[in-house]
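K.L.:
This one is my_file21.csv, CSV, C-alpha atoms (C1' of nucleotides).
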```csv
chain,number,residue,atom,x,y,z
A,60,MET,CA,-3.3,4.5,7.4
A,61,PRO,CA,-5.1,5.7,10.3
A,62,GLU,CA,-2.3,7.5,11.9
A,63,GLY,CA,-1.4,7.4,15.6
A,64,HIS,CA,-4.4,9.3,16.8
A,65,SER,CA,-6.9,6.7,15.6
A,66,VAL,CA,-5.1,3.8,17.0
A,67,HIS,CA,-5.2,5.4,20.4
A,68,ARG,CA,-8.9,5.9,20.0
A,69,ILE,CA,-9.4,2.3,19.0
A,70,ALA,CA,-7.4,1.2,22.0
A,71,ARG,CA,-9.8,3.3,24.1
A,72,GLN,CA,-12.8,1.6,22.6
A,73,PHE,CA,-11.4,-1.8,23.6
A,74,ALA,CA,-10.5,-0.6,27.1
A,75,LEU,CA,-14.0,0.8,27.5
A,76,HIS,CA,-16.1,-2.1,26.2
A,77,PHE,CA,-13.9,-5.3,25.9
A,78,VAL,CA,-11.3,-5.3,28.7
A,79,GLY,CA,-12.6,-7.4,31.6
A,80,HIS,CA,-14.9,-9.3,29.4
A,81,GLN,CA,-14.7,-12.8,28.0
A,82,VAL,CA,-14.3,-12.6,24.2
A,83,ALA,CA,-15.4,-15.0,21.5
A,84,VAL,CA,-12.7,-14.8,18.9
A,85,SER,CA,-13.2,-16.0,15.3
A,86,SER,CA,-12.0,-15.4,11.8
A,87,PRO,CA,-15.0,-15.2,9.5
A,88,GLN,CA,-12.6,-14.8,6.6
A,89,GLY,CA,-10.6,-17.8,7.7
A,90,ARG,CA,-7.2,-16.4,7.3
A,91,PHE,CA,-6.7,-16.0,11.0
A,92,ALA,CA,-8.3,-19.2,12.1
A,93,ALA,CA,-5.4,-20.6,14.0
A,94,GLY,CA,-4.8,-17.4,15.9
A,95,ALA,CA,-8.4,-17.0,16.7
A,96,ALA,CA,-8.6,-20.5,18.2
A,97,GLN,CA,-5.7,-19.6,20.5
A,98,LEU,CA,-7.5,-16.5,21.8
A,99,ASP,CA,-11.1,-17.8,21.8
A,100,SER,CA,-13.0,-17.5,25.1
A,101,ARG,CA,-10.3,-15.8,27.0
A,102,VAL,CA,-10.8,-12.6,29.0
A,103,MET,CA,-9.3,-9.4,27.5
A,104,THR,CA,-7.1,-7.9,30.2
A,105,ALA,CA,-5.6,-4.8,28.6
A,106,SER,CA,-5.7,-2.6,25.6
A,107,ASN,CA,-2.7,-0.4,24.6
A,108,ALA,CA,-1.6,1.5,21.6
A,109,VAL,CA,2.0,2.6,20.8
A,110,GLY,CA,2.5,4.5,17.6
A,111,LYS,CA,0.3,2.8,15.0
A,112,GLN,CA,0.5,-0.6,16.8
A,113,LEU,CA,-2.4,-2.0,18.8
A,114,PHE,CA,-1.8,-4.5,21.5
A,115,LEU,CA,-4.8,-6.4,23.0
A,116,ASP,CA,-3.8,-8.6,26.0
A,117,PHE,CA,-5.7,-11.7,26.9
A,118,ASP,CA,-5.6,-14.1,29.8
A,119,ASP,CA,-2.7,-16.5,30.1
A,120,GLU,CA,-0.2,-14.2,28.5
A,121,LEU,CA,-1.3,-13.9,25.0
A,122,VAL,CA,-1.1,-10.6,23.0
A,123,LEU,CA,-2.9,-9.8,19.8
A,124,ARG,CA,-0.9,-7.4,17.8
A,125,VAL,CA,-2.7,-5.5,15.1
A,126,HIS,CA,-1.3,-2.9,12.6
A,127,LEU,CA,-3.9,-1.5,10.2
A,128,GLY,CA,-1.5,-0.7,7.4
A,129,ILE,CA,-2.7,1.7,4.7
A,130,TYR,CA,-6.3,0.7,4.7
A,131,GLY,CA,-7.2,-1.5,7.6
A,132,ALA,CA,-10.2,-0.7,9.8
A,133,TRP,CA,-12.1,-1.8,12.9
A,134,ASP,CA,-15.8,-1.8,12.8
A,135,PHE,CA,-17.6,-1.7,16.1
A,136,ALA,CA,-21.2,-2.5,16.7
A,137,GLY,CA,-23.5,-3.2,19.6
A,138,ASP,CA,-23.5,-1.3,22.9
A,139,ILE,CA,-20.5,1.0,22.3
A,140,THR,CA,-19.8,4.6,22.7
A,141,ALA,CA,-19.7,6.8,19.7
A,142,ASP,CA,-18.4,10.3,19.7
A,143,ALA,CA,-20.3,12.8,17.7
A,144,THR,CA,-17.0,14.3,16.8
A,145,THR,CA,-16.4,11.2,14.6
A,146,LEU,CA,-19.2,12.2,12.3
A,147,ARG,CA,-17.9,12.8,8.8
A,148,ASP,CA,-19.6,16.1,8.3
A,149,GLY,CA,-17.5,17.4,11.0
A,150,ARG,CA,-20.0,18.8,13.4
A,151,VAL,CA,-18.5,19.0,16.8
A,152,ALA,CA,-21.2,18.3,19.2
A,153,THR,CA,-20.1,19.6,22.6
A,154,SER,CA,-17.1,21.0,24.3
A,155,SER,CA,-16.7,17.8,26.1
A,156,GLY,CA,-16.2,16.0,22.8
A,157,GLN,CA,-19.0,13.6,23.6
A,158,ALA,CA,-22.0,12.7,21.5
A,159,THR,CA,-25.0,14.8,21.0
A,160,ALA,CA,-25.5,13.9,17.4
A,161,LEU,CA,-25.8,10.2,16.8
A,162,ALA,CA,-26.9,8.7,13.5
A,163,VAL,CA,-30.4,7.5,13.8
A,164,GLY,CA,-32.2,4.9,11.8
A,165,ARG,CA,-31.3,2.5,9.1
A,166,MET,CA,-30.0,3.7,5.9
A,167,GLY,CA,-30.0,0.5,3.9
A,168,GLN,CA,-27.5,-2.2,3.7
A,169,THR,CA,-24.8,-0.9,1.4
A,170,ASN,CA,-22.2,1.8,1.8
A,171,MET,CA,-23.4,3.7,4.7
A,172,ARG,CA,-19.9,5.1,5.2
A,173,GLY,CA,-20.2,8.8,5.9
A,174,THR,CA,-23.9,9.0,5.9
A,175,VAL,CA,-25.0,11.0,8.8
A,176,VAL,CA,-28.7,10.9,9.4
A,177,GLY,CA,-29.6,13.5,11.9
A,178,GLU,CA,-29.6,14.7,15.5
A,179,HIS,CA,-30.8,12.5,18.2
A,180,GLU,CA,-33.5,14.5,19.9
A,181,ASP,CA,-33.1,13.4,23.5
A,182,SER,CA,-29.5,12.5,23.5
A,183,LEU,CA,-28.4,14.9,26.1
A,184,HIS,CA,-29.1,12.6,28.9
A,185,SER,CA,-27.1,9.8,27.3
A,186,ILE,CA,-24.0,11.7,26.3
A,187,GLY,CA,-21.2,9.3,25.9
A,188,ALA,CA,-23.2,6.4,27.2
A,189,PRO,CA,-22.9,3.1,25.4
A,190,ARG,CA,-25.8,2.5,23.1
A,191,ARG,CA,-26.6,0.3,20.1
A,192,THR,CA,-24.4,1.9,17.5
A,193,ARG,CA,-22.2,1.0,14.5
A,194,LEU,CA,-18.9,2.8,14.3
A,195,ARG,CA,-16.0,2.5,11.9
A,196,MET,CA,-12.7,3.4,13.3
A,197,ALA,CA,-10.2,3.9,10.5
A,198,GLU,CA,-8.7,6.7,8.5
A,199,GLN,CA,-11.9,8.6,8.8
A,200,GLU,CA,-14.3,7.5,11.5
A,201,THR,CA,-17.9,7.2,10.7
A,202,VAL,CA,-21.0,6.4,12.6
A,203,ARG,CA,-23.0,4.1,10.4
A,204,ALA,CA,-26.3,3.6,12.1
A,205,ASP,CA,-28.1,3.5,15.4
A,206,GLU,CA,-29.7,0.1,15.6
A,207,GLY,CA,-32.2,1.3,18.2
A,208,PRO,CA,-33.0,-0.5,21.4
A,209,GLY,CA,-35.7,-2.6,19.8
A,210,ASP,CA,-33.5,-4.2,17.2
A,211,SER,CA,-32.3,-7.7,17.9
A,212,ASP,CA,-29.9,-8.2,15.0
A,213,PHE,CA,-27.0,-8.7,17.4
A,214,PRO,CA,-24.4,-9.7,16.5
A,215,PRO,CA,-24.7,-8.5,12.9
A,216,GLU,CA,-23.5,-10.8,10.1
A,217,PRO,CA,-19.9,-10.0,9.2
A,218,ILE,CA,-19.7,-8.0,6.0
A,219,GLY,CA,-16.8,-8.3,3.6
A,220,GLN,CA,-13.4,-9.7,4.5
A,221,VAL,CA,-13.3,-9.9,8.3
A,222,ARG,CA,-10.0,-11.2,9.5
A,223,VAL,CA,-10.9,-11.2,13.1
A,224,ARG,CA,-14.2,-10.8,15.0
A,225,LEU,CA,-14.1,-10.1,18.7
A,226,LEU,CA,-17.4,-10.6,20.4
A,227,THR,CA,-18.7,-10.1,23.9
A,228,ASP,CA,-22.3,-10.4,25.1
A,229,VAL,CA,-23.1,-6.9,24.0
A,230,ALA,CA,-20.4,-5.6,21.7
A,231,VAL,CA,-18.5,-6.8,18.6
A,232,ALA,CA,-15.4,-5.6,16.8
A,233,ASP,CA,-14.6,-6.7,13.2
A,234,LEU,CA,-11.1,-6.2,11.8
A,235,ARG,CA,-10.5,-6.0,8.1
A,236,GLY,CA,-7.5,-5.3,5.9
A,237,PRO,CA,-4.8,-5.3,8.5
A,238,THR,CA,-1.2,-5.4,7.4
A,239,ALA,CA,-0.3,-7.2,10.6
A,240,CYS,CA,-2.5,-9.4,12.9
A,241,GLU,CA,-0.7,-12.0,15.0
A,242,VAL,CA,-0.6,-13.6,18.4
A,243,LEU,CA,2.5,-12.8,20.4
A,244,THR,CA,3.9,-13.5,23.8
A,245,PRO,CA,4.3,-10.5,26.1
A,246,ILE,CA,8.1,-10.7,25.5
A,247,GLU,CA,7.6,-10.6,21.8
A,248,ALA,CA,5.2,-7.7,22.1
A,249,ASP,CA,7.7,-5.8,24.2
A,250,ALA,CA,10.3,-6.3,21.5
A,251,VAL,CA,8.0,-4.7,19.0
A,252,VAL,CA,7.5,-1.7,21.2
A,253,ALA,CA,11.3,-1.5,21.9
A,254,ARG,CA,11.9,-0.9,18.2
A,255,LEU,CA,9.6,2.1,18.1
A,256,GLY,CA,10.5,5.6,18.7
A,257,PRO,CA,8.8,7.7,21.4
A,258,ASP,CA,5.0,8.2,21.2
A,259,PRO,CA,3.8,11.4,23.0
A,260,MET,CA,0.8,9.5,24.3
A,261,THR,CA,2.8,6.8,26.0
A,262,THR,CA,6.3,8.2,26.5
A,263,ASP,CA,7.2,10.6,29.3
A,264,ALA,CA,7.1,14.1,27.7
A,265,ALA,CA,10.6,15.1,28.6
A,266,GLU,CA,12.1,11.7,27.8
A,267,GLY,CA,10.3,11.6,24.5
A,268,GLU,CA,11.5,15.0,23.5
A,269,GLU,CA,15.1,14.2,24.3
A,270,ARG,CA,15.1,10.9,22.4
A,271,PHE,CA,13.5,12.5,19.4
A,272,VAL,CA,15.9,15.5,19.4
A,273,SER,CA,19.1,13.5,19.8
A,274,VAL,CA,18.2,11.0,17.1
A,275,VAL,CA,17.1,13.6,14.5
A,276,ARG,CA,20.1,15.8,15.0
A,277,LYS,CA,22.5,13.0,14.4
A,278,LYS,CA,21.1,11.8,11.0
A,279,PRO,CA,21.9,13.1,7.5
A,280,THR,CA,18.5,11.8,6.4
A,281,PRO,CA,16.0,14.5,5.2
A,282,ILE,CA,13.6,15.5,8.0
A,283,GLY,CA,10.7,14.6,5.7
A,284,LEU,CA,11.8,10.9,5.9
A,285,LEU,CA,12.8,11.0,9.5
A,286,LEU,CA,9.2,12.0,10.5
A,287,MET,CA,7.9,8.9,8.8
A,288,ASP,CA,10.4,6.6,10.4
A,289,GLN,CA,8.6,4.8,13.2
A,290,SER,CA,11.8,4.1,15.0
A,291,VAL,CA,12.5,7.9,15.2
A,292,VAL,CA,9.0,8.9,16.3
A,293,ALA,CA,6.0,6.6,16.5
A,294,GLY,CA,2.6,7.4,15.0
A,295,ILE,CA,3.2,10.0,12.4
A,296,GLY,CA,1.9,9.2,8.9
A,297,ASN,CA,1.8,10.9,5.6
A,298,VAL,CA,-0.8,13.5,6.5
A,299,TYR,CA,0.7,14.6,9.8
A,300,ARG,CA,4.2,14.6,8.2
A,301,ALA,CA,3.2,17.1,5.5
A,302,GLU,CA,1.3,19.3,7.9
A,303,LEU,CA,4.0,19.3,10.6
A,304,LEU,CA,6.6,20.3,8.1
A,305,PHE,CA,4.4,23.1,6.8
A,306,ARG,CA,3.5,24.3,10.3
A,307,ALA,CA,7.3,24.5,11.0
A,308,ARG,CA,7.8,26.2,7.6
A,309,LEU,CA,10.5,23.5,7.1
A,310,ASN,CA,11.9,22.3,3.8
A,311,PRO,CA,11.3,18.5,3.8
A,312,TYR,CA,14.8,17.8,2.4
A,313,THR,CA,16.7,19.4,5.1
A,314,PRO,CA,19.0,16.9,6.7
A,315,GLY,CA,18.1,16.2,10.4
A,316,LYS,CA,21.6,17.0,11.6
A,317,LEU,CA,21.5,20.5,10.1
A,318,LEU,CA,18.4,21.5,12.0
A,319,PRO,CA,18.7,23.9,15.0
A,320,GLU,CA,18.0,22.2,18.3
A,321,GLU,CA,15.1,24.5,19.1
A,322,LEU,CA,13.4,23.8,15.9
A,323,VAL,CA,13.5,20.0,16.5
A,324,ARG,CA,12.2,20.5,20.0
A,325,ALA,CA,9.4,22.6,18.5
A,326,LEU,CA,8.6,19.9,16.0
A,327,TRP,CA,8.2,17.3,18.8
A,328,ARG,CA,6.0,19.6,20.8
A,329,ASP,CA,3.8,20.4,17.8
A,330,TRP,CA,3.4,16.7,17.1
A,331,THR,CA,2.4,16.2,20.7
A,332,HIS,CA,-0.1,19.0,20.3
A,333,LEU,CA,-1.6,17.7,17.0
A,334,LEU,CA,-1.8,14.1,18.3
A,335,THR,CA,-3.6,15.3,21.4
A,336,ILE,CA,-6.2,17.1,19.3
A,337,GLY,CA,-6.5,14.0,17.1
A,338,VAL,CA,-7.1,11.7,19.9
A,339,GLU,CA,-9.7,14.0,21.4
A,340,THR,CA,-11.6,14.7,18.2
A,341,GLY,CA,-11.0,11.7,16.0
A,342,GLN,CA,-10.0,14.0,13.2
A,343,MET,CA,-6.7,15.2,11.9
A,344,LEU,CA,-7.2,18.8,12.6
A,345,THR,CA,-4.0,20.6,11.6
A,346,MET,CA,-5.1,24.1,11.0
A,347,ASP,CA,-5.9,25.3,14.5
A,348,GLY,CA,-5.1,29.0,14.9
A,349,LEU,CA,-7.4,30.0,12.1
A,350,ASP,CA,-10.3,32.4,12.7
A,351,PRO,CA,-13.5,30.7,13.6
A,352,ASP,CA,-15.2,30.9,10.2
A,353,ALA,CA,-12.2,29.3,8.5
A,354,TYR,CA,-12.0,26.7,11.1
A,355,ARG,CA,-15.7,25.8,10.6
A,356,ALA,CA,-15.0,25.5,6.9
A,357,ALA,CA,-12.1,23.3,7.6
A,358,LEU,CA,-14.2,21.0,9.8
A,359,ALA,CA,-17.0,20.8,7.3
A,360,SER,CA,-15.0,19.6,4.4
A,361,ARG,CA,-12.2,17.2,4.4
A,362,ALA,CA,-10.7,18.9,1.3
A,363,ASP,CA,-10.4,22.1,3.2
A,364,ARG,CA,-9.0,20.6,6.3
A,365,HIS,CA,-5.3,20.9,5.8
A,366,TRP,CA,-2.5,23.4,5.0
A,367,VAL,CA,-0.9,21.3,2.2
A,368,TYR,CA,-1.9,17.7,2.4
A,369,HIS,CA,-3.7,16.6,-0.8
A,370,ARG,CA,-3.6,20.1,-2.1
A,371,ALA,CA,-1.3,19.7,-5.1
A,372,GLY,CA,-1.7,22.5,-7.5
A,373,GLU,CA,-3.9,24.6,-5.2
A,374,PRO,CA,-2.7,27.9,-3.9
A,375,CYS,CA,-0.9,27.9,-0.5
A,376,ARG,CA,-3.2,29.3,2.1
A,377,VAL,CA,-0.4,31.6,3.3
A,378,CYS,CA,1.4,32.8,0.2
A,379,GLY,CA,-0.7,31.6,-2.8
A,380,THR,CA,2.2,29.6,-4.3
A,381,HIS,CA,1.0,26.4,-5.9
A,382,ILE,CA,1.4,23.4,-3.5
A,383,VAL,CA,3.6,20.8,-5.1
A,384,VAL,CA,3.5,17.0,-4.7
A,385,GLU,CA,6.4,14.7,-5.2
A,386,LEU,CA,7.3,11.1,-4.4
A,387,ALA,CA,9.5,10.6,-1.3
A,388,ALA,CA,10.2,7.0,-0.4
A,389,ALA,CA,7.2,5.9,-2.4
A,390,ARG,CA,4.8,8.3,-0.6
A,391,LYS,CA,3.3,11.5,-1.8
A,392,LEU,CA,4.8,14.5,-0.1
A,393,TYR,CA,2.9,17.8,-0.3
A,394,TRP,CA,4.6,21.1,0.5
A,395,CYS,CA,4.8,24.8,-0.3
A,396,PRO,CA,8.1,25.5,-2.1
A,397,ASN,CA,7.8,29.2,-1.0
A,398,CYS,CA,6.8,29.0,2.6
A,399,GLN,CA,9.0,25.9,3.2
A,400,ALA,CA,12.0,27.2,1.2
B,162,DT,C1',-17.8,-2.5,-14.7
B,163,DA,C1',-13.1,-1.3,-14.4
B,164,DA,C1',-9.5,1.6,-12.8
B,165,DT,C1',-7.8,4.3,-9.3
B,166,DT,C1',-6.7,5.6,-4.8
B,167,DA,C1',-5.4,5.4,0.1
B,168,DT,C1',-3.6,8.5,6.3
B,169,DG,C1',2.1,1.4,5.7
B,170,DA,C1',5.7,-1.4,6.0
B,171,DC,C1',8.5,-4.9,4.5
B,172,DG,C1',11.9,-7.5,1.8
B,173,DA,C1',14.6,-8.3,-2.4
B,174,DC,C1',17.7,-6.3,-5.5
C,295,DT,C1',14.1,1.8,-5.9
C,296,DC,C1',11.0,-1.6,-6.8
C,297,DG,C1',7.5,-5.2,-5.9
C,298,DT,C1',4.4,-7.0,-2.7
C,299,DC,C1',0.7,-7.7,0.7
C,300,DC,C1',-3.9,-6.3,2.8
C,301,DT,C1',-9.5,-4.2,1.3
C,302,DA,C1',-13.1,-1.1,0.0
C,303,DA,C1',-14.7,3.5,-1.4
C,304,DT,C1',-14.6,6.5,-5.1
C,305,DT,C1',-14.0,7.9,-9.7
C,306,DA,C1',-13.7,7.2,-14.6
C,307,DC,C1',-15.6,5.2,-18.6
```
Would you write out, as structure tokens, the structure that this file holds?
P.N.:
Amino acid sequence: MPEGHSVHRIARQFALHFVGHQVAVSSPQGRFAAGAAQLDSRVMTASNAVGKQLFLDFDDELVLRVHLGIYGAWDFAGDITADATTLRDGRVATSSGQATALAVGRMGQTNMRGTVVGEHEDSLHSIGAPRRTRLRMAEQETVRADEGPGDSDFPPEPIGQVRVRLLTDVAVADLRGPTACEVLTPIEADAVVARLGPDPMTTDAAEGEERFVSVVRKKPTPIGLLLMDQSVVAGIGNVYRAELLFRARLNPYTPGKLLPEELVRALWRDWTHLLTIGVETGQMLTMDGLDPDAYRAALASRADRHWVYHRAGEPCRVCGTHIVVELAAARKLYWCPNCQA
DNA sequence: TAATTATGACGAC
DNA sequence: TCGTCCTAATTAC
């Protein structure tokens, strides 16, 4: 799935361009027709993410809860803000993390995912400003095309299986492939949040750390499973799990209760650190601390971006040992058997 | 054109 | 531990 960082960025898009606006809600696919009818024409009043859960509040006490699951995605189009840092080729545009490189021009109708067209010549004056753009926010964010101010194809036809379309006068968001999409009361939404562990972006730092440490150090469960347990800590997925464990040089099978307190605290702080970077950049950058050349290489290619994730059989970047992959609770777990002995 | 893959989570045994 | 649900991009043939 899009792990916690992308859900927070999605919540930000809604806060930026939908909150305070009346929203036409529909279900082009039809599978959410009843829910869409409940929400249609209401004003969106708030947008929040906790862990991997997104909560969009609407007038009159209705909450749309969305969980993207393993391959859900939101596609935004219209006058929205696109960060250059979301471009798939990994160019980081400015130190402020805002756009200097927007995709320009039309690339054809099919599969524009990941196609980045070029630099926008006079974009400096419009850094971060809403403009006619298409943006996919999912596991890997991509700017699809800049419609250009002259185009009038708004709103665009829904493409594919769109469960929900949220439409304002100038912006549209299409949801596809979610594992959860339902209308809740605020009480019910609170109950969902109550079942989640701390999220560094929404939980007080000290409180979050204490909760995480006390739970982990009581459980006989392997730390590799605890990190994926959303009731222990919210927002970590399979990529961040593998990378956090490697960064801590920690054997994934170590029972939580055997871990030294300081190590567990360090794990929480590292998660806070990686999540912050992820929310800022839109990318799961887990190899900070490298020299600049190596870091550029990591940015340029998804395959070179991580310490161990998706690197089965390749040499460990630290010791050269072959990275192994094994199934843990039906998910692929990558780790270095030497560094993480 | 078909098979494979994916950064989840749940419920039934 | 398994099967199931959700969808689309990528890879294999």
K.L.:
List as a list in words the protein and nucleic acid residues near C:DC307, meaning an atom at most 12 Å away when all atoms listed in the file are counted, but skip any in the same chain fewer than 4 places from it.
P.N.:
DT162, DA163 and DA164 of chain B
K.L.:
Within 9 Å of (-14.7, 7.7, -9.2) (file coordinates; only C-alpha atoms (C1' of nucleotides)), which protein or nucleic acid residues are there? I'd like them as a ChimeraX atom specification.
P.N.:
/B:164-165 /C:303-306
K.L.:
Would you work out the distance separating atom CA of A:Asp329 from atom CA of A:Arg390, expressed in Å to one decimal?
P.N.:
22.0 Å
K.L.:
Please list as a CSV table (one decimal) with C-alpha atoms (C1' of nucleotides), in the coordinates of the input every residue within 10 Å of B:DA170, counting all atoms listed in the file and excluding residues in the same chain fewer than 2 positions away.
P.N.:
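part.csv, written as the output of this step:
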```
chain,number,residue,atom,x,y,z
A,126,HIS,CA,-1.3,-2.9,12.6
A,128,GLY,CA,-1.5,-0.7,7.4
A,129,ILE,CA,-2.7,1.7,4.7
A,238,THR,CA,-1.2,-5.4,7.4
A,239,ALA,CA,-0.3,-7.2,10.6
A,289,GLN,CA,8.6,4.8,13.2
B,172,DG,C1',11.9,-7.5,1.8
C,299,DC,C1',0.7,-7.7,0.7
```
K.L.:
Using all atoms listed in the file, which residues of chain A come within 7 Å of chain C, and what is the closest atom pair for each, with the distance in Å to one decimal? Give it as a Markdown table, sorted by chain and residue number.
P.N.:
```
| residue | atom | partner | partner_atom | distance |
| --- | --- | --- | --- | --- |
| A:Tyr130 | CA | C:DT301 | C1' | 6.8 |
| A:Gly236 | CA | C:DC300 | C1' | 4.9 |
| A:Pro237 | CA | C:DC300 | C1' | 5.9 |
| A:Thr238 | CA | C:DC300 | C1' | 5.4 |
```
K.L.:
Next, the residues of the selection above should be written as a tab-separated table (two decimals), keeping the file's coordinate frame with C-alpha atoms.
P.N.:
```
chain	number	residue	atom	x	y	z
A	130	TYR	CA	-6.30	0.70	4.70
A	236	GLY	CA	-7.50	-5.30	5.90
A	237	PRO	CA	-4.80	-5.30	8.50
A	238	THR	CA	-1.20	-5.40	7.40
```
K.L.:
Produce a table with one row for each residue of chain A that has an atom at most 7 Å from any atom of chain B, each row naming the nearest atom pair and its distance in Å at one decimal; use all atoms listed in the file; arrange rows by chain and rising residue number; format as CSV.
P.N.:
```
residue,atom,partner,partner_atom,distance
A:Met60,CA,B:DT168,C1',4.2
A:Pro61,CA,B:DT168,C1',5.1
A:Glu62,CA,B:DT168,C1',5.8
A:Gly128,CA,B:DG169,C1',4.5
A:Ile129,CA,B:DG169,C1',4.9
A:Tyr130,CA,B:DA167,C1',6.6
A:Glu198,CA,B:DT168,C1',5.8
A:Gly296,CA,B:DT168,C1',6.1
A:Asn297,CA,B:DT168,C1',6.0
A:Val298,CA,B:DT168,C1',5.7
```
K.L.:
Measure the distance from atom CA of A:Val384 to atom CA of A:Thr331 in Å and round it to one decimal.
P.N.:
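Going from atom CA of A:Val384 over to atom CA of A:Thr331, I get 25.4 Å.
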K.L.:
Grab the atom CA of A:Ala105 to atom CA of A:Trp133 distance for me, in Å with one decimal place.
P.N.:
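According to the coordinates, atom CA of A:Ala105 and atom CA of A:Trp133 are separated by 17.3 Å.
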K.L.:
Kindly reconstruct stretch 220-239 of chain A with N, CA and C atoms and present the result as a PDB file, in the frame of the given file.
P.N.:
```
ATOM      1  N   GLN A 220     -14.484  -8.854   4.087  1.00  0.00           N
ATOM      2  CA  GLN A 220     -13.400  -9.700   4.500  1.00  0.00           C
ATOM      3  C   GLN A 220     -12.970  -9.415   5.927  1.00  0.00           C
ATOM      4  N   VAL A 221     -13.619 -10.114   6.842  1.00  0.00           N
ATOM      5  CA  VAL A 221     -13.300  -9.900   8.300  1.00  0.00           C
ATOM      6  C   VAL A 221     -12.287 -10.858   8.748  1.00  0.00           C
ATOM      7  N   ARG A 222     -11.106 -10.339   9.019  1.00  0.00           N
ATOM      8  CA  ARG A 222     -10.000 -11.200   9.500  1.00  0.00           C
ATOM      9  C   ARG A 222     -10.256 -11.725  10.845  1.00  0.00           C
ATOM     10  N   VAL A 223     -10.688 -10.829  11.737  1.00  0.00           N
ATOM     11  CA  VAL A 223     -10.900 -11.200  13.100  1.00  0.00           C
ATOM     12  C   VAL A 223     -12.227 -10.602  13.601  1.00  0.00           C
ATOM     13  N   ARG A 224     -13.014 -11.385  14.304  1.00  0.00           N
ATOM     14  CA  ARG A 224     -14.200 -10.800  15.000  1.00  0.00           C
ATOM     15  C   ARG A 224     -13.988 -11.097  16.493  1.00  0.00           C
ATOM     16  N   LEU A 225     -14.115 -10.027  17.271  1.00  0.00           N
ATOM     17  CA  LEU A 225     -14.100 -10.100  18.700  1.00  0.00           C
ATOM     18  C   LEU A 225     -15.467  -9.816  19.240  1.00  0.00           C
ATOM     19  N   LEU A 226     -16.018 -10.735  19.996  1.00  0.00           N
ATOM     20  CA  LEU A 226     -17.400 -10.600  20.400  1.00  0.00           C
ATOM     21  C   LEU A 226     -17.612 -10.863  21.865  1.00  0.00           C
ATOM     22  N   THR A 227     -18.264  -9.877  22.504  1.00  0.00           N
ATOM     23  CA  THR A 227     -18.700 -10.100  23.900  1.00  0.00           C
ATOM     24  C   THR A 227     -20.213 -10.253  23.861  1.00  0.00           C
ATOM     25  N   ASP A 228     -20.823 -10.281  25.046  1.00  0.00           N
ATOM     26  CA  ASP A 228     -22.300 -10.400  25.100  1.00  0.00           C
ATOM     27  C   ASP A 228     -22.985  -9.280  24.390  1.00  0.00           C
ATOM     28  N   VAL A 229     -22.373  -8.101  24.432  1.00  0.00           N
ATOM     29  CA  VAL A 229     -23.100  -6.900  24.000  1.00  0.00           C
ATOM     30  C   VAL A 229     -22.368  -6.099  22.909  1.00  0.00           C
ATOM     31  N   ALA A 230     -21.111  -6.437  22.627  1.00  0.00           N
ATOM     32  CA  ALA A 230     -20.400  -5.600  21.700  1.00  0.00           C
ATOM     33  C   ALA A 230     -19.544  -6.498  20.754  1.00  0.00           C
ATOM     34  N   VAL A 231     -19.312  -5.989  19.563  1.00  0.00           N
ATOM     35  CA  VAL A 231     -18.500  -6.800  18.600  1.00  0.00           C
ATOM     36  C   VAL A 231     -17.585  -5.813  17.868  1.00  0.00           C
ATOM     37  N   ALA A 232     -16.396  -6.344  17.560  1.00  0.00           N
ATOM     38  CA  ALA A 232     -15.400  -5.600  16.800  1.00  0.00           C
ATOM     39  C   ALA A 232     -14.916  -6.449  15.650  1.00  0.00           C
ATOM     40  N   ASP A 233     -15.014  -5.936  14.434  1.00  0.00           N
ATOM     41  CA  ASP A 233     -14.600  -6.700  13.200  1.00  0.00           C
ATOM     42  C   ASP A 233     -13.322  -5.952  12.674  1.00  0.00           C
ATOM     43  N   LEU A 234     -12.305  -6.744  12.398  1.00  0.00           N
ATOM     44  CA  LEU A 234     -11.100  -6.200  11.800  1.00  0.00           C
ATOM     45  C   LEU A 234     -10.963  -6.619  10.366  1.00  0.00           C
ATOM     46  N   ARG A 235     -10.723  -5.655   9.497  1.00  0.00           N
ATOM     47  CA  ARG A 235     -10.500  -6.000   8.100  1.00  0.00           C
ATOM     48  C   ARG A 235      -9.306  -5.278   7.523  1.00  0.00           C
ATOM     49  N   GLY A 236      -8.623  -5.953   6.611  1.00  0.00           N
ATOM     50  CA  GLY A 236      -7.500  -5.300   5.900  1.00  0.00           C
ATOM     51  C   GLY A 236      -6.283  -4.979   6.638  1.00  0.00           C
ATOM     52  N   PRO A 237      -5.978  -5.651   7.751  1.00  0.00           N
ATOM     53  CA  PRO A 237      -4.800  -5.300   8.500  1.00  0.00           C
ATOM     54  C   PRO A 237      -3.528  -5.696   7.750  1.00  0.00           C
ATOM     55  N   THR A 238      -2.452  -4.959   7.989  1.00  0.00           N
ATOM     56  CA  THR A 238      -1.200  -5.400   7.400  1.00  0.00           C
ATOM     57  C   THR A 238      -0.510  -6.361   8.385  1.00  0.00           C
ATOM     58  N   ALA A 239      -0.857  -6.285   9.641  1.00  0.00           N
ATOM     59  CA  ALA A 239      -0.300  -7.200  10.600  1.00  0.00           C
ATOM     60  C   ALA A 239      -1.426  -7.608  11.598  1.00  0.00           C
TER      61      ALA A 239
END
```
